Structure formats: C-alpha cells, structure tokens
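Following: one structure in structure tokens, then a few remarks.
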Amino acid sequence: MASDLSSLLNSSRALNSHLSRPDLPSVNLSLDQIEAQSRRLVSRQPGASSDADRANYLLAQAHVDAPALANSIAHLNTSTTFSPLQPLQDTDVAGYLRHAHEQNLISTIEEGRRETQEHFYRLLEERSHKDWEAKKRRVFEELGGRATNDSKALAEMKKSFHGKAALAASTGPSLTLQMQSKMMAYDRAISELNAARLRGTSCPVIHLLMQAAASLNSEPSSQQMFQNFHVLAKITGEPPALPPVEHAGAHILNAPLFERKYARVYLGDSDSREAAALRTQIAKGSREALEDQFWDIIERTIQSRPMEARLGGDPSVANKIRAFLLMRYYKNGQWEDRIELVAGQPLWAKLYYLVRTGHAQEALDEALKSQQAVEHREDSFISHFRSWVESPERRLPKPHRDHLQTVYNAHMLHSASADPFKLALYKLMGKLEPSRRTVPQVTMTTEDWLWFQLAMVDEEEEGGLRGLTEVLLSYGERHFDGAKKGVWPGVLLMCGQFERSVAALWEHPETEIEAVHLAIALAYHGLLRVPSRAETSDISPLTLSPLSPPALSLPMLIWRYVRQFVKMDAKEALQYVYCVCLSADQGDGVGRENVETAWELVRRIIVLAHSGPAWEELVGGFRPDGTRFSGVIEQGATLLHLQNTAQYNEQILIRAARDSEENDRIPEAIKLYNLAGDYGTVISCLAQALGNTLAQPAGETEKGKIIERTAVEILRHYERTNRAVGKDRDAAVRLLRIREALNAKSSGRFDVVLEIMESTDLIPLDGDVAKITRKAEEFKDLHDALQRNLQVYLPLTMEALAAVHQSIKNSATAETTRQMTLTALRKKSRSLMVFAGILKYRMSPDVYSYLARLDVEIAL
C-alpha cells in the first residue's frame with residue numbers, strides 16, 4: 001500500500017515538472033506543518049486574535065464554551081437532517097415507506113402551523129377592521145356626520161339621554177332615495193303586524209316581508225332575502241294566508257297562534273327533548289326551502305330551453321326531472337361518464353333529483369316501475385328506499401343501516417366507476433360517513449351541499465344540527481361568500497343561528513334594512529334571544545358568550561333603524577318600537593327590561609318629533625270645545641304593555657314632558673303635562689316659561705309667541721273648569737298681563753301699559769307708605785318667575801309713567817286738570833321709587849339708577 005502511495009506521489013510531481021522554475025524553492029511540508037505556519041501568519045495580523053480572545057473571554061464568563069461550539073458547528077452535517085438515523089437499504093421498502101410517512105407528518109404539521117398562523121392574523125385584521133368601522137360610525141353619528149341628523153337633534157339627544165350609551169350612541173342606514181323606497185316597501189308589513197296584534201289575531205308577517213322583497217327586483221340583495229324569508233317561513237310553518245273569519249270572534253278558533261309560538265322552547269333548556277324536536281324542525285324546514293328553490297330552478301330551466309328539454313305533453317314531476325337530466329348530463333348523443341343507465345334511463349340520477357326537489361314519493365314510484373332492473377343490480381335497494389321514504393323522520397333502523405353500510409363499502413366507496421347519485425342515495429338512506437360532507441358531481445353548488453348536510457342531520461348522532469353548526473362556523477363567512485355574495489346569513493339561518501344571521505346582515509350597509517325586519521319576524525315567532533341590558537354592547541347588537549347562546553339586542557337594532565326617519569315620520573317609527581315588546585316574555589328580567597326600553601324609545605320619539613298637527617296625532621290633544629282625543633301612542637298602549645291610563649300617563653306622558661323640559665321644548669312639555677292631567681305641573685311649568693320669555697330677548701321670537709298662545713288657551717280652559725287654582729295660576733295670569741304691557745309698549749301705547757300694570761297689583765302706586773312696606777314684605781312670597789322679573793316690570797312701569805307724564809305735560813288740556821294729573825303721576829312715581837328702594841337688593845345698581853333718573857324727570 002505504501003509503495004502504491006509513493007509511486008502515486010512521484011507520478012503527481014512529474015505532472016508539472018516541465019513547469020518548474022529554478023528561482024523558486026520547493027516546499028516540502030506536511031499538512032500539520034502547513035496548518036501551524038498558517039496559524040502563525042494569522043496571529044501576526046493586527047487585531048485578528050484580540051477580538052476573538054475578547055469574545056471568548058466574555059462568553060466564558062457566561063459559561064459558554066465557544067471553541068467547543070465552534071467545533072460542533074464545523075463538524076455538523078446538515079445533509080442528514082431529514083435522513084433516516086439508520087441507513088436504508090435499497091430493498092427496504094417498509095423502511096422507506098415509514099420514513100416517507102414520517103416526513104409527510106412533519107410537513108403536514110408545519111403546513112398546518114403556517115396556515116393556522118396566517119388564519120389567525122387574517123381574522124385579527126378582519127376583526128380589527130370591523131371594530132374600527134363600528135367605532136368610526138359611532139363617532140360620525142355623535143359628531144353629526146349623517147345628513148339626516150342635524151346638530152340640534154344630536155344636542156337634544158345628548159342632553160336628554162346622557163349616560164345611556166347602549167342606545168343613544170347608535171347608527172343606521174343612510175337615507176338615500178333607494179333606501180327610502182326599500183323602507184316603504186317593508187314598513188307596510190310592520191304596520192299590518194301591529195294592527196293584527198291589536199286585534200288579537202295572528203299575522204303572516206314572514207310572507208308579508210317576502211312580498212316586500214319580491215317587489216324590490218332591482219335590488220341586488222332582494223332575491224337572496226326572498227329566499228331567507230322563505231326558509232324562515234318553512235321553519236316556522238307559517239302559512240301564506242290565514243283562514244277566513246266567518247263571524248266576530250271566530251279568529252280565536254280559526255287562526256293559528258303565531259306570536260311567540262316557539263319562545264318557551266327556544267329560550268329554554270337546549271338539551272331538552274322539545275329543543276331537539278325544534279332543531280329537527282329547523283333542519284327539515286331549511287331542507288324543504290332548498291328543495292322548493294331547486295324545483296323552481298328546474299322549471300325555469302326547462303321553460304327557457306323547451307326544444308332541448310323535449311318535455312312533450314307530460315307535465316308530471318318525473319318527466320320534468322327526466323327533461324332536466326337530459327339537458328344537464330346528455331351531450332353529443334351520450335350520457336356523461338359514471339351515469340349508470342338502468343332500464344335505459346339514468347335512474348339513480350332521476351331518483352336523487354326527485355328526492356332533492358322534495359318529491360320522495362314520486363321517487364319511490366319511479367323506483368317501483370323499474371323494480372326488476374333495480375333489484376338485478378342492488379337487490380335490497382327498493383325495500384330500504386321504501387322504508388326510508390315512508391319514515392316521518394327519514395331514518396332507517398340500525399340493522400338496515402348496517403346492511404347499507406356493508407353494501408356501500410363493498411361496491412361503491414372505492415369504486416372509480418360507481419354512479420355518484422347512487423352513492424349519494426345510499427349515504428342519505430344510511431346516513432353513512434357524515435364526516436365526509438361532499439359527493440363528487442352531486443354537491444356541486446353551495447345550495448346542493450347545504451341540502452345534503454341538512455338531509456344527513458340526525459339529532460341522535462354526530463351532535464345533530466348543533467354539530468353541523470360548529471362545522472359551518474369553523475368554515476366562516478369567507479368560505480361561503482366567495483362565489484356569491486350574501487350567502488352567509490342564509491347559511492346561519494338554515495342551521496338555527498338566528499341571532500348570528502341577523503348580525504351578519506347588519507354588518508353590510510346594503511342589507512341593514514333586511515336585518516331589522518328579519519329580527520322582527522324572528523322575535524314575533526319567538527326565535528330570537530335578547531341579551532340583558534348589562535350584557536348589551538354599545539358597538540355591536542350581537543352578544544357572544546362562551547357560557548350562553550348568542551343573543552341580539554332588538555331594541556338597539558330598531559332604534560338605530562328608526563332614528564334616521566323619526567323626525568320625518570314619527571308614527572312609522574312608533575310602529576317599529578312596538579315590536580321591541582315582542583320579547584316581553586323572556587325570563588331573568590330581560591323581558592321587563594325590553595318593555596322599559598320600549599317606553600324610553602317612545603319618549604325619545606315624542607321629544608324628537610316636530611310639534612304640530614302630526615305631533616298631536618301622536619300624543620293626543622284637546623279639541624276647541626275642551627274635549628280630549630287620544631293619540632296613536634295611547635291607542636297602541638296594549639302593545640307597549642301599559643296596563644291602564646295611570647301607567648300610560650306616568651311612564652309616557654309625564655316622563656316625556658320632563659325630557660321635553662330638559663331639552664327646552666316647553667310648549668310640548670306643557671301640552672304633555674296637560675294631557676296627563678297633571679294640571680298643577682302645567683301651571684307651574686307655564687309660569688316658569690312665561691317668566692323666561694319676559695327675562696330674555698327671545699321672548700319676542702316665535703317660540704315665545706307659541707308659549708304665550710299655549711298659556712292663553714290653557715288658562716282660559718282652566719278658569720272655565722276651575723282647575724289648578726292657586727299661586728302658580730295667579731302668577732301665570734300676571735305674567736301674561738306683563739307680556740301684554742310689553743306688547744303695548746312696543747306699539748307706543750303707554751297709557752295702556754300703565755293701566756295693565758296697575759291691574760296686576762304688583763307695584764303699590766297709591767302713596768300709602770304702610771301699604772308699600774307691606775307689599776315689599778310680601779314680595780318674597782310671590783312666584784319665583786315674578787321675583788326674577790322685577791327688573792323687567794319696574795322699569796316698564798316707570799317708563800310708562802314718564803311717557804304719560806310727558807304727554808300730559810305737553811297736552812293742551814285745562815291747566816287745572818293737567819296739574820292734577822301730573823301730581824297723581826308724581827305720586828305714583830314716588831311710590832314706585834319707595835318700593836324699589838326697599839327691594840334695591842333685588843336689582844342691579846344700573847336699573848335702580850335708571851329708575852331714579854326717570855323719577856327726577858317726572859318730578860320736574
């Protein structure tokens with residue numbers, strides 16, 4: 001071996017012998033010597049070793065062996081990182097498969113981790129965006145960003161309802177012309193609903209909403225909402241029309257009871273037998289709605305292409321299905337791959353589509369027509385299919401299902417040529433492999449897939465509808481709204497997630513109106529859970545909690561909707577507020593909270609509505625003859641759960657009057673107190689308002705004139721009926737007289753001013769010092785409005801004295817008469833100054849100086 005190496009060395013040296021240069025010495029060093037020389041050369045470089053030494057020193061202080069780590073890294077072979085620990089022989093197939101399986105697991109875990117991370121950050125971004133949008137809308141609302149909410153209305157709301165953020169800080173759809181048209185289409189249904197509730201009869205509100213959606217064909221969301229309402233109608237079993245009423249009271253016997261029909265079960269124990277039956281009904285109704293929808297598609301498809309359908313003169317269901325299959329699966333003279341022909345026809349596809357469109361009995365009839373051919377291929381199919389069709393729950397006994405599972409596993413599961421529709425039929429009958437939720441070539445569309453899931457649901461297995469709901473929620477909105485927008489709310493509706501469905505509609509501005517009306521329809525039938533006031537968020541109407549089912553704040557949703565048009569159409573807004581009380585029967589005090597919230601919303605409507613005939617139509621009023629007429633609110637008091645007139649007056653009129661006072665809407669407050677029969681408060685409020693109009697320049701504005709007219713009407717009526725006799729009424733009468741004197745002064749009739757002021761008996765002008773002193777002492781007992789306006793009527797009276805004095809002084813009357821009149825005027829002026837001197841502490845020095853100056857002019 002050594003000789004071989006030596007000869008190899010010599011031959012290698014001979015390779016470049018012809019290139020040798022005699023001026024360069026040859027180097028004969030071993031590898032170790034070369035390494036040592038290299039290290040010495042490196043050590044001579046300045047700073048090369050000092051940094052390394054310093055780093056090693058610092059790392060050594062932290063108990064890190066840097067040279068050992070460097071040696072390990074230098075000898076690390078990364079090429080074997082994902083290689084087997086033991087070398088695999090070329091013939092070790094099992095080892096190779098095991099290693100490949102392990103690598104697949106590792107890559108799957110890594111891929112799952114990466115997808116989970118991406119999904120988390122995507123959801124976080126979406127949630128942050130939604131929260132930001134909701135908060136932004138709230139800010140715009142509070143700052144008056146909406147065109148329909150002027151600054152005055154916002155100021156009134158903030159002042160009157162401060163601290164009630166869950167309802168006051170709210171948003172709603174912008175009132176475009178398109179939105180108004182949609183609102184008008186839907187509000188008729190709500191008016192009819194409340195009219196039926198007042199009569200004590202049921203109302204097909206869902207079908208009314210379906211008609212409204214159908215009338216909005218130009219709306220992009222109308223078709224989807226029509227289908228959603230159709231789903232709800234199937235779930236609730238609401239008929240399109242009620243039985244006719246033959247005589248008075250017949251509705252009690254003829255009409256089904258719709259209102260809150262499902263509330264007890266829906267709001268009760270979710271694990272009870274009744275709750276499971278309700279979930280079965282929800283799945284069945286949703287499935288039937290999808291069947292109706294698909295049948296409508298088939299009929300429209302056949303009508304659009306009659307020559308291709310070749311329907312002929314047979315309009316039967318089976319023939320229409322045959323025609324549809326011909327149009328869909330028969331191309332260029334042959335049927336598509338995997339479509340199995342039985343007795344010359346695609347029987348499995350035909351049976352499946354008959355079941356898919358809700359014609360199970362017709363499917364059984366078709367199967368029986370080809371019984372011999374079917375049994376030749378699947379000998380037990382007909383008997384199982386008959387049992388399945390005739391079962392009310394569409395559920396076979398376990399032995400039958402086990403047999404179907406065996407046949408399915410043996411002949412279809414792994415067969416590449418099995419008819420997909422036969423496979424789907426077996427899965428439906430035996431509820432086989434519920435976790436494998438798709439059937440190739442069968443569940444092609446979202447609607448087909450949903451129908452198949454609902455048909456496979458069994459409340460006794462796989463969690464039932466709740467198990468399906470968990471799967472759908474794990475998919476999320478992004479999964480369903482990819483191909484067609486607006487599908488997700490319908491998906492939630494079909495699996496019984498009613499609150500989530502409404503919230504999903506509300507999240508999109510174009511379907512906010514539909515969200516409100518769907519919520520009302522659900523609440524009417526008792527299929528909506530409302531959170532307590534403490535659980536209600538001020539951002540989103542939906543409340544989610546890990547300890548309780550989802551809940552939706554119907555009051556918040558309705559107020560956000562109606563506040564956009566409450567000032568334009570208060571009566572229509574009231575119709576929606578009536579619906580808040582639909583949840584009055586909910587337990588744990590939530591129902592009572594909803595009723596109280598409805599009262600609060602009614603009061604808000606009263607405060608925000610414009611005064612005038614429409615406002616009086618809302619709250620009621622008095623006719624010219626003094627008789628009282630009721631308003632729309634009082635007529636619908638039973639819908640607000642107001643038991644009697646006293647409760648209506650206290651909860652609505654009086655509290656709305658107080659809110660009106662706080663918002664400086666005094667005329668409305670006075671009328672509301674008057675309607676409530678609180679006559680003492682009417683007069684007190686009237687006196688305060690009249691006092692304010694005297695003390696402020698605004699008293700001459702339209703608002704002041706309205707208050708004066710209201711005061712005149714009410715005082716005239718109270719004097720005739722002898723109501724509210726006392727200090728407040730006397731003060732109101734005097735304040736009105738002072739207002740008359742001010743008006744007379746504006747027209748230059750100072751003699752009338754003086755006559756009016758003397759009639760009020762507020763100022764002693766007869767010169768009797770004792771009487772003046774007594775009047776000054778009694779001043780503190782006068783009404784506050786009269787005391788506050790002392791600086792108004794004292795100068796007014798003195799100005800009248802001065803003007804009359806000047807007029808008499810310059811008149812051409814007899815000297816004796818003129819002197820007597822002037823003397824009387826001076827006496828009155830002196831009396832006023834004595835009275836003013838005693839009450840000098842009640843007025844400003846400027847006013848007293850002004851009175852003194854006028855008194856001097858009169859005395860001259």
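Chain labels follow the order of the structure tokens: the first chain is A, the next B, and so on; residue numbering restarts at 1 in every chain, and ligands are counted from 1 in their shown order.
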Give me the residues within 10 Å of A:Gly591 as a list in words, counting only C-alpha atoms and dropping any in the same chain fewer than 2 places off.
->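 That gives Val530, Pro531, Ser532, Val580, Cys581, Leu582, Ser583, Ala584, Asp585, Gln586, Gly587, Asp588, Gly589, Glu593, Asn594, Val595, Glu596 and Thr597 of chain A.
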Kindly export the residues of the current selection with N, CA and C atoms, as a compact mmCIF listing (two decimals), in the first residue's frame.
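To be explicit, this is the file written out as result-v6.txt:
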```
# COMPACT_ATOMS: atom_id res chain seq x y z
N VAL A 530 -82.74 37.82 23.29
CA VAL A 530 -82.30 39.19 23.54
C VAL A 530 -81.43 39.21 24.79
N PRO A 531 -80.28 39.89 24.77
CA PRO A 531 -79.43 39.93 25.97
C PRO A 531 -79.99 40.88 27.01
N SER A 532 -79.50 40.74 28.22
CA SER A 532 -79.87 41.69 29.27
C SER A 532 -79.19 43.02 29.01
N VAL A 580 -90.44 46.10 19.90
CA VAL A 580 -89.46 45.83 20.96
C VAL A 580 -90.08 44.98 22.06
N CYS A 581 -91.37 45.19 22.29
CA CYS A 581 -92.05 44.46 23.37
C CYS A 581 -92.40 43.03 22.99
N LEU A 582 -92.05 42.59 21.80
CA LEU A 582 -92.31 41.19 21.43
C LEU A 582 -91.57 40.23 22.36
N SER A 583 -90.44 40.67 22.91
CA SER A 583 -89.64 39.81 23.79
C SER A 583 -89.98 40.05 25.26
N ALA A 584 -91.16 40.56 25.53
CA ALA A 584 -91.52 40.87 26.92
C ALA A 584 -91.64 39.64 27.79
N ASP A 585 -91.83 38.47 27.18
CA ASP A 585 -91.99 37.25 27.97
C ASP A 585 -90.68 36.54 28.27
N GLN A 586 -89.55 37.09 27.85
CA GLN A 586 -88.26 36.44 28.13
C GLN A 586 -87.94 36.53 29.61
N GLY A 587 -87.37 35.47 30.14
CA GLY A 587 -87.12 35.38 31.57
C GLY A 587 -85.90 36.13 32.05
N ASP A 588 -85.61 35.95 33.34
CA ASP A 588 -84.45 36.58 34.00
C ASP A 588 -84.49 38.10 33.95
N GLY A 589 -85.70 38.65 33.89
CA GLY A 589 -85.86 40.10 33.90
C GLY A 589 -85.57 40.79 32.59
N GLU A 593 -86.99 44.47 31.06
CA GLU A 593 -86.06 45.50 30.57
C GLU A 593 -86.44 45.95 29.16
N ASN A 594 -86.85 45.01 28.32
CA ASN A 594 -87.24 45.37 26.96
C ASN A 594 -88.47 46.28 26.96
N VAL A 595 -89.43 45.97 27.83
CA VAL A 595 -90.63 46.81 27.91
C VAL A 595 -90.25 48.22 28.35
N GLU A 596 -89.41 48.33 29.36
CA GLU A 596 -88.99 49.64 29.83
C GLU A 596 -88.18 50.38 28.76
N THR A 597 -87.38 49.63 28.01
CA THR A 597 -86.64 50.26 26.91
C THR A 597 -87.59 50.77 25.83
```
Among the residues of stretch 293-540 of chain A, find those DSSP assigns to alpha helix (DSSP H) from the backbone and print them as an NGL selection string.
-> :A and (293-304 or 306-309 or 317-329 or 347-356 or 360-369 or 371-377 or 381-390 or 398-411 or 420-430 or 446-456 or 464-475 or 477-480 or 487-494 or 498-506 or 512-525)
Please identify all polymer residues within 12 Å of A:Trp388, counting only C-alpha atoms, omitting same-chain residues fewer than 3 positions from it, and present them as JSON, numbers by chain.
-> {"A": [355, 360, 361, 363, 364, 381, 382, 383, 384, 385, 391, 392, 393, 394, 395, 396, 397, 400, 401, 404, 425, 426, 427, 428, 429, 430, 431]}
Okay, now the selection with N, CA, C and O atoms, as a CSV table (one decimal), in the first residue's frame?
```
chain,number,residue,atom,x,y,z
A,355,VAL,N,-85.8,13.2,-5.1
A,355,VAL,CA,-85.6,13.4,-3.6
A,355,VAL,C,-85.1,14.9,-3.3
A,355,VAL,O,-85.6,15.5,-2.4
A,360,ALA,N,-90.2,12.8,-2.8
A,360,ALA,CA,-89.7,11.5,-2.4
A,360,ALA,C,-90.7,10.4,-2.8
A,360,ALA,O,-90.3,9.3,-3.2
A,361,GLN,N,-92.0,10.7,-2.7
A,361,GLN,CA,-93.0,9.7,-3.0
A,361,GLN,C,-92.9,9.4,-4.5
A,361,GLN,O,-93.0,8.2,-5.0
A,363,ALA,N,-90.3,9.6,-6.3
A,363,ALA,CA,-89.1,8.8,-6.5
A,363,ALA,C,-89.3,7.4,-6.2
A,363,ALA,O,-88.8,6.5,-6.9
A,364,LEU,N,-90.1,7.1,-5.2
A,364,LEU,CA,-90.4,5.7,-4.9
A,364,LEU,C,-91.2,5.1,-6.0
A,364,LEU,O,-91.0,3.9,-6.4
A,381,PHE,N,-82.2,-2.6,-2.5
A,381,PHE,CA,-82.3,-1.1,-2.5
A,381,PHE,C,-83.8,-0.7,-2.4
A,381,PHE,O,-84.2,0.2,-1.6
A,382,ILE,N,-84.7,-1.4,-3.1
A,382,ILE,CA,-86.1,-1.0,-3.1
A,382,ILE,C,-86.7,-1.1,-1.7
A,382,ILE,O,-87.4,-0.1,-1.3
A,383,SER,N,-86.5,-2.1,-1.0
A,383,SER,CA,-87.1,-2.3,0.3
A,383,SER,C,-86.5,-1.2,1.3
A,383,SER,O,-87.3,-0.6,2.1
A,384,HIS,N,-85.2,-0.9,1.2
A,384,HIS,CA,-84.7,0.1,2.1
A,384,HIS,C,-85.2,1.5,1.7
A,384,HIS,O,-85.5,2.3,2.5
A,385,PHE,N,-85.3,1.7,0.4
A,385,PHE,CA,-85.7,3.0,-0.1
A,385,PHE,C,-87.2,3.3,0.3
A,385,PHE,O,-87.5,4.4,0.7
A,391,SER,N,-90.7,6.7,6.2
A,391,SER,CA,-90.4,7.1,7.6
A,391,SER,C,-90.6,8.6,7.8
A,391,SER,O,-90.0,9.4,7.0
A,392,PRO,N,-91.3,9.1,8.8
A,392,PRO,CA,-91.5,10.5,9.0
A,392,PRO,C,-90.2,11.2,9.3
A,392,PRO,O,-90.1,12.4,8.9
A,393,GLU,N,-89.3,10.5,10.0
A,393,GLU,CA,-88.0,11.2,10.3
A,393,GLU,C,-87.0,10.9,9.3
A,393,GLU,O,-85.8,11.4,9.5
A,394,ARG,N,-87.3,10.2,8.2
A,394,ARG,CA,-86.3,9.8,7.2
A,394,ARG,C,-85.1,9.1,7.9
A,394,ARG,O,-84.0,9.5,7.7
A,395,ARG,N,-85.5,8.1,8.6
A,395,ARG,CA,-84.4,7.4,9.4
A,395,ARG,C,-84.7,5.9,9.4
A,395,ARG,O,-85.8,5.5,9.7
A,396,LEU,N,-83.7,5.1,9.0
A,396,LEU,CA,-83.9,3.7,9.0
A,396,LEU,C,-83.4,3.0,10.3
A,396,LEU,O,-82.6,3.6,11.0
A,397,PRO,N,-84.0,1.8,10.6
A,397,PRO,CA,-83.5,1.1,11.8
A,397,PRO,C,-82.0,0.7,11.6
A,397,PRO,O,-81.5,0.7,10.5
A,400,HIS,N,-80.9,-2.1,9.2
A,400,HIS,CA,-80.9,-1.7,7.8
A,400,HIS,C,-79.7,-0.8,7.4
A,400,HIS,O,-79.2,-0.9,6.3
A,401,ARG,N,-79.4,0.0,8.3
A,401,ARG,CA,-78.3,0.9,8.0
A,401,ARG,C,-77.0,0.2,8.0
A,401,ARG,O,-76.1,0.5,7.2
A,404,LEU,N,-76.8,-1.4,4.6
A,404,LEU,CA,-76.4,-0.4,3.6
A,404,LEU,C,-75.0,0.0,3.7
A,404,LEU,O,-74.3,0.2,2.7
A,425,LEU,N,-77.5,8.5,-2.8
A,425,LEU,CA,-78.7,7.9,-2.2
A,425,LEU,C,-78.4,7.0,-1.1
A,425,LEU,O,-79.1,7.0,-0.1
A,426,TYR,N,-77.4,6.2,-1.2
A,426,TYR,CA,-77.0,5.2,-0.1
A,426,TYR,C,-76.6,6.0,1.1
A,426,TYR,O,-76.9,5.6,2.2
A,427,LYS,N,-75.8,7.1,0.9
A,427,LYS,CA,-75.3,7.9,2.0
A,427,LYS,C,-76.5,8.5,2.7
A,427,LYS,O,-76.6,8.6,4.0
A,428,LEU,N,-77.5,9.0,2.0
A,428,LEU,CA,-78.7,9.6,2.6
A,428,LEU,C,-79.5,8.6,3.4
A,428,LEU,O,-79.9,8.9,4.5
A,429,MET,N,-79.8,7.5,2.8
A,429,MET,CA,-80.6,6.5,3.4
A,429,MET,C,-79.9,5.9,4.7
A,429,MET,O,-80.6,5.8,5.8
A,430,GLY,N,-78.7,5.6,4.6
A,430,GLY,CA,-78.0,5.1,5.8
A,430,GLY,C,-77.3,6.1,6.7
A,430,GLY,O,-76.7,5.7,7.7
A,431,LYS,N,-77.3,7.4,6.2
A,431,LYS,CA,-76.6,8.4,6.9
A,431,LYS,C,-75.1,8.0,7.1
A,431,LYS,O,-74.6,8.0,8.3
```
Do a neighbour search on stretch 621-638 of chain A at 8 Å with only C-alpha atoms, toss out local chain neighbours closer than 5 positions, and write the hits as a list in words.
->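 In the requested format, the answer is Leu198, Lys571, Leu574, Glu616, Gln643, Tyr648, Lys671, Leu675 and His717 of chain A.
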Which is closer to A:Met225 than all the others in A:Leu468, A:Val487, A:Leu177, A:Ile109, using only C-alpha atoms?
->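 Closest candidate: A:Val487.
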